[in-house]
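Participant: Have a look at this one before I ask anything.
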Amino acid sequence: MGDPRIQIMVLDDEEIVGKRLKTALEKSNYEVEIFQDSQQAVARIAEKEFDIVVTDVRMEGIGGMEVLEHVLERSARTKVILITGYATVEVAREALTRGAFDFIAKPFKPDALREVILKAVKELGG
Amino acid sequence: MVGEFDLVEHAAVTTTEAEKTLLSRPKISVRGRLATMLALFTAGSVAITVVMWVLLSLIDRKIELIGVADQLNYEILQARRFEKNFLLYGGDLEHVDYHIDATFAAMELSKEDLGASVSDECLEFLEVNLWHYRELIGKLRGLDRSGDPAETTARRGIYQKLRNTGSGLVSCGQKIADRERESVHTLLAVSKVVPVVYLLLVVALSVYAAVFMRRHMMQRLEMLMASARRIGAGDFSPIIPVRKSRDEFTDLAIAINRMSRELERREEFLLQSQKLRAVGSLTAGIAHEVNNPINNIMLTAAVLQEDFETLAGDEKQELIGDIVEQTERAGKIIRNLLDFARESEISTERLKIGEVVGNAINLAANQLKLSGVGLACDIPDDLPEVDGDRQYLSQVFLNLILNAVDAMADGGGTLTVSSDVSLDTQCIAIHISDTGPGMSPRVLKAIFDPFFTTKSSGSGTGLGLSVSLGIVQKHGGEIKVESTVGEGSTFTVLLPVA
C-alpha cells in the first residue's frame, strides 16, 4: 500500500473487536482508529474524513445506520462497511439502499474484512 | 414419563380418575326421582278419588237400605199392633194379614239388596218366622171360626207362640236396621279419616320434595357454581364425587371436568406460546448477544493463528485468555436462554426472590441497553424467602421488565426495581416502575384481560400480563398496578413469605 495510507475507522462496542481489528488491519498497512462509543466516533467523524468506516449496526445510543448517515453527510466518498450481528436480508438490503458499501456478518475472520476493505480501496483508488 | 408422573403427584385425583369414580356409582337420575314423585302424587290422587267414590256410594246404598229396613220394621210393627188389638179387644185379623203380606212384599222387593248387606241367617230367620207367624195367625183364625170353647188351652198356646214369634220378628227387623245404621256410621268415620291421611301423605311428600330440591338440586347447583368459580380462578382440579349415586348432575360434573381439563391444556398452551413470544422478542437480542463473544473468539483466534510465530509469549497468553473468557460468556448466555425456555411443570422450591429478579434483569439486559433505558435496582439480600417456581416467576418478572422497557421505547427512561416486606400480610412486594407515558384508567382496567394489548399488531399477543397474573396467583400472590398518565406505571408483584 502506498502513501498516503488509507484511513480506517473501526467502531464496535465490543472492546476485543477493536483491539483485534486494529492489529490485523495495521498489519496490512492501514492507518486505524478504533472506537467503542458511537458518540465519540461521530464526533471524530466530524473532525476527520476517513476513507473507510467499519461499524457495528446494533449499538447503544447511536446505531450503525445513524453512523452511516453521519459519515455520508460528512463525505460521500467514504466507504462504510457494516458489521451485522444477525445478517438478515432486510438489514442487508436496507444498509445497501442507504448507501453502505457492503456488510459483513458476525462472526467473521480478519481476512474476510480485509477482502471487503481491499474492494473498497480499489473503488476509492479507481 | 417423568412429567406425567409428576402431574399425578401434584393433583390428588386426575380428571380421568375422577370421571371413572363419578361414573362408577349406581345411577339414580333426577328425572327418575321427579317422575316417581309425580307418579306417586298422581296415584295417590287417583286412589283417594276412587276410595272416596266407593265410600260415598256405599253410604248412599246403606241409607237406601236403612229405608228398606225401616219399611220392614214398620210393616212388622203394624202387624203386631193389629195382633195385639185382636188379642186384647178381639179386633179384625184381616189387618194383620194385610201387613204380613206387605212385609213379604217389602222383603221380596229388596231381598237382593238386603241379602247383599245383611247376613243370610238374619234374612232366613226373618222369612221362616214370618211364615210361622202367618201360620199361627191362620190357626188362630181357624180356631176362632170353629168357636169351640174347649180349645181355649190351644188358643192360649198359640197366643204364647204368636207373641214369641212376633217379638222375634220385631227384634230381627230392628237388628237389621241397627246394623245398617251402624255400618253407615263406620263408613262416615272412615270417610272422615281418609282425607286426613291423604293430607298427611301429601304433606310428607311435599316435605320430601322440598328436601330433595334443597339437597339434590340447590346444593348441587351451588357446588357446581363454586366449582365454576374455582375453575375461573385458575384451579383446574377435577370435581370429585361426594354422593353414593349418580344422576344428571354427574353428567354436568363430567362435562365441567372435561371443560376444565381442556382449559388447563389451553392455559398450558398459552403459557407456552407466551414463553415463545418472550423468546421470540429476545431472539434478536440473544443472537446479537451470542454473536458478540463468538465474533470475539473468531477474531482473536484468527489473529493468534496469523501471528503465532511473531507474537510474544505474554501476548499469546492475553489472546488465549480472551478466547477462554469469551467462550464462557457465550456459554452463560446459552445457559440463561435454556433455563428460560425449558419446559417445566410448576414446581416450588425455597427461593431468594432477589436472585429470580436478578436473573430476569440479566435476560433483559440487552433490551435495556438497546432501548437506552437506565436501571435502578435495589433489592436487599436479607429479604425473606418465598416458595415458588424459579422459571415461572423469572418469566413473570422478565415479562414485567420487558413491558416496562416497551413503555419507555422512546428512550431515556429509568426502570426502577425495588422491594419491601409487609409484616401484617406476610407478603414480599417487588415493585417494577417505569417512567413511560402511564396508562389511562380505561387501559388500566383491561390490562390483565387476555389478548388486550396496547402494542401495535404483531408485536404483542396481549397475553403477557394475564399469564403472569395467573402464575402469580398460582403462587398465592397478586399483581397490583398503579399508573399516572405522563409519569409512569408501577407493577407490584406480591408473593407470600415462605
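Letters for chains follow the order of the C-alpha cells (A, B, ...), residue numbers begin at 1 for each chain, and ligand numbers begin at 1 in the order shown.
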Using only C-alpha atoms, select each residue of chain B with any atom at most 9 Å away from an atom of chain A, and give the selection as a short mmCIF file (atom, residue, chain, number, x, y, z; two decimals) with N, CA and C atoms, in the first residue's frame.
Facilitator:
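Result file iface.cif:
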```cif
data_model
loop_
_atom_site.label_atom_id
_atom_site.label_comp_id
_atom_site.auth_asym_id
_atom_site.auth_seq_id
_atom_site.Cartn_x
_atom_site.Cartn_y
_atom_site.Cartn_z
N ALA B 284 -33.66 -11.83 18.81
CA ALA B 284 -32.78 -10.86 18.16
C ALA B 284 -31.66 -10.46 19.11
N ALA B 287 -29.34 -13.36 19.68
CA ALA B 287 -28.48 -13.60 18.52
C ALA B 287 -27.30 -12.63 18.56
N HIS B 288 -27.63 -11.38 18.82
CA HIS B 288 -26.59 -10.37 18.91
C HIS B 288 -25.65 -10.69 20.07
N GLU B 289 -26.30 -11.04 21.18
CA GLU B 289 -25.56 -11.30 22.40
C GLU B 289 -24.58 -12.48 22.22
N VAL B 290 -25.08 -13.53 21.54
CA VAL B 290 -24.22 -14.70 21.36
C VAL B 290 -23.18 -14.44 20.28
N ASN B 291 -23.60 -13.69 19.27
CA ASN B 291 -22.68 -13.44 18.16
C ASN B 291 -21.46 -12.64 18.60
N ASN B 292 -21.66 -11.76 19.57
CA ASN B 292 -20.55 -10.92 20.01
C ASN B 292 -19.39 -11.73 20.56
N PRO B 293 -19.62 -12.58 21.57
CA PRO B 293 -18.47 -13.39 22.04
C PRO B 293 -17.91 -14.31 20.98
N ILE B 294 -18.79 -14.86 20.13
CA ILE B 294 -18.28 -15.77 19.09
C ILE B 294 -17.39 -15.01 18.12
N ASN B 295 -17.84 -13.80 17.79
CA ASN B 295 -17.04 -12.97 16.89
C ASN B 295 -15.70 -12.63 17.53
N ASN B 296 -15.76 -12.33 18.84
CA ASN B 296 -14.52 -12.02 19.55
C ASN B 296 -13.57 -13.21 19.53
N ILE B 297 -14.14 -14.40 19.72
CA ILE B 297 -13.32 -15.62 19.71
C ILE B 297 -12.71 -15.82 18.33
N MET B 298 -13.57 -15.64 17.32
CA MET B 298 -13.13 -15.83 15.93
C MET B 298 -11.97 -14.88 15.61
N LEU B 299 -12.15 -13.60 15.92
CA LEU B 299 -11.12 -12.62 15.59
C LEU B 299 -9.83 -12.91 16.34
N THR B 300 -9.99 -13.22 17.64
CA THR B 300 -8.82 -13.45 18.46
C THR B 300 -8.05 -14.70 17.99
N ALA B 301 -8.85 -15.75 17.71
CA ALA B 301 -8.22 -16.99 17.25
C ALA B 301 -7.53 -16.77 15.90
N ALA B 302 -8.18 -15.99 15.04
CA ALA B 302 -7.60 -15.73 13.72
C ALA B 302 -6.28 -14.97 13.85
N VAL B 303 -6.27 -13.96 14.73
CA VAL B 303 -5.04 -13.18 14.94
C VAL B 303 -3.94 -14.09 15.49
N GLU B 306 -2.67 -16.24 12.67
CA GLU B 306 -1.88 -15.48 11.69
C GLU B 306 -0.50 -15.13 12.23
N ASP B 322 -8.45 -14.15 26.36
CA ASP B 322 -9.66 -13.55 25.77
C ASP B 322 -10.59 -14.63 25.22
N LYS B 369 -30.32 -2.09 27.33
CA LYS B 369 -29.21 -1.34 26.77
C LYS B 369 -29.60 -0.73 25.43
N LEU B 370 -30.24 -1.57 24.59
CA LEU B 370 -30.61 -1.13 23.25
C LEU B 370 -31.65 -0.03 23.28
N SER B 371 -32.56 -0.09 24.27
CA SER B 371 -33.61 0.92 24.34
C SER B 371 -33.12 2.16 25.08
N GLY B 372 -31.89 2.12 25.55
CA GLY B 372 -31.36 3.28 26.27
C GLY B 372 -32.07 3.52 27.57
#
```
Participant: Neighbours of Arg77 (chain A) within 12 Å (only C-alpha atoms; same-chain residues fewer than 6 positions away dropped), as a list in words?
Facilitator: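 Selected residues are Glu49, Phe50, Asp51, Ile52, Val53, Val71, Gly99, Ala100, Phe101, Ala120, Val121, Glu123, Leu124, Gly125 and Gly126 of chain A.
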Participant: Kindly indicate which residue among B:Leu140, B:Val54, B:Ile479, B:Ile63 lies nearest to Glu94 (chain B), using only C-alpha atoms for the distances.
Facilitator: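 Checking each candidate against Glu94 (chain B), we get B:Leu140 as the closest.
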Participant: Please provide the set of residues having any atom within 8 Å of Glu19 (chain B), restricted to only C-alpha atoms, with same-chain residues fewer than 3 positions apart removed, written as a list of chain:residue names.
Facilitator: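 What passes the distance filter is B:Thr15, B:Thr16, B:Leu22, B:Leu23, B:Ile254, B:Asn257.
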Participant: Keeping only C-alpha atoms, write the selected residues as a PDB file, in the first residue's frame.
Facilitator:
```
ATOM      1  CA  THR B  15     -59.571 -35.912  35.712  1.00  0.00           C
ATOM      2  CA  THR B  16     -59.941 -39.346  34.173  1.00  0.00           C
ATOM      3  CA  LEU B  22     -68.128 -40.315  39.078  1.00  0.00           C
ATOM      4  CA  LEU B  23     -69.453 -42.914  36.668  1.00  0.00           C
ATOM      5  CA  ILE B 254     -68.172 -34.766  33.941  1.00  0.00           C
ATOM      6  CA  ASN B 257     -64.290 -31.734  34.381  1.00  0.00           C
TER       7      ASN B 257
END
```
Participant: Under the rule that only C-alpha atoms are counted, which of B:Leu415, B:Leu205, B:Ala498, B:Leu271 is the nearest residue to Val467 (chain B)?
Facilitator: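 Nearest candidate to Val467 (chain B) out of B:Leu415, B:Leu205, B:Ala498, B:Leu271: B:Leu271.
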Participant: Quick one: of A:Val32, A:Ala43, A:Val67, A:Val80, who's nearest to Val116 (chain A), counting only C-alpha atoms?
Facilitator: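 Looking at the shortest contact to Val116 (chain A), the residue is A:Val80.
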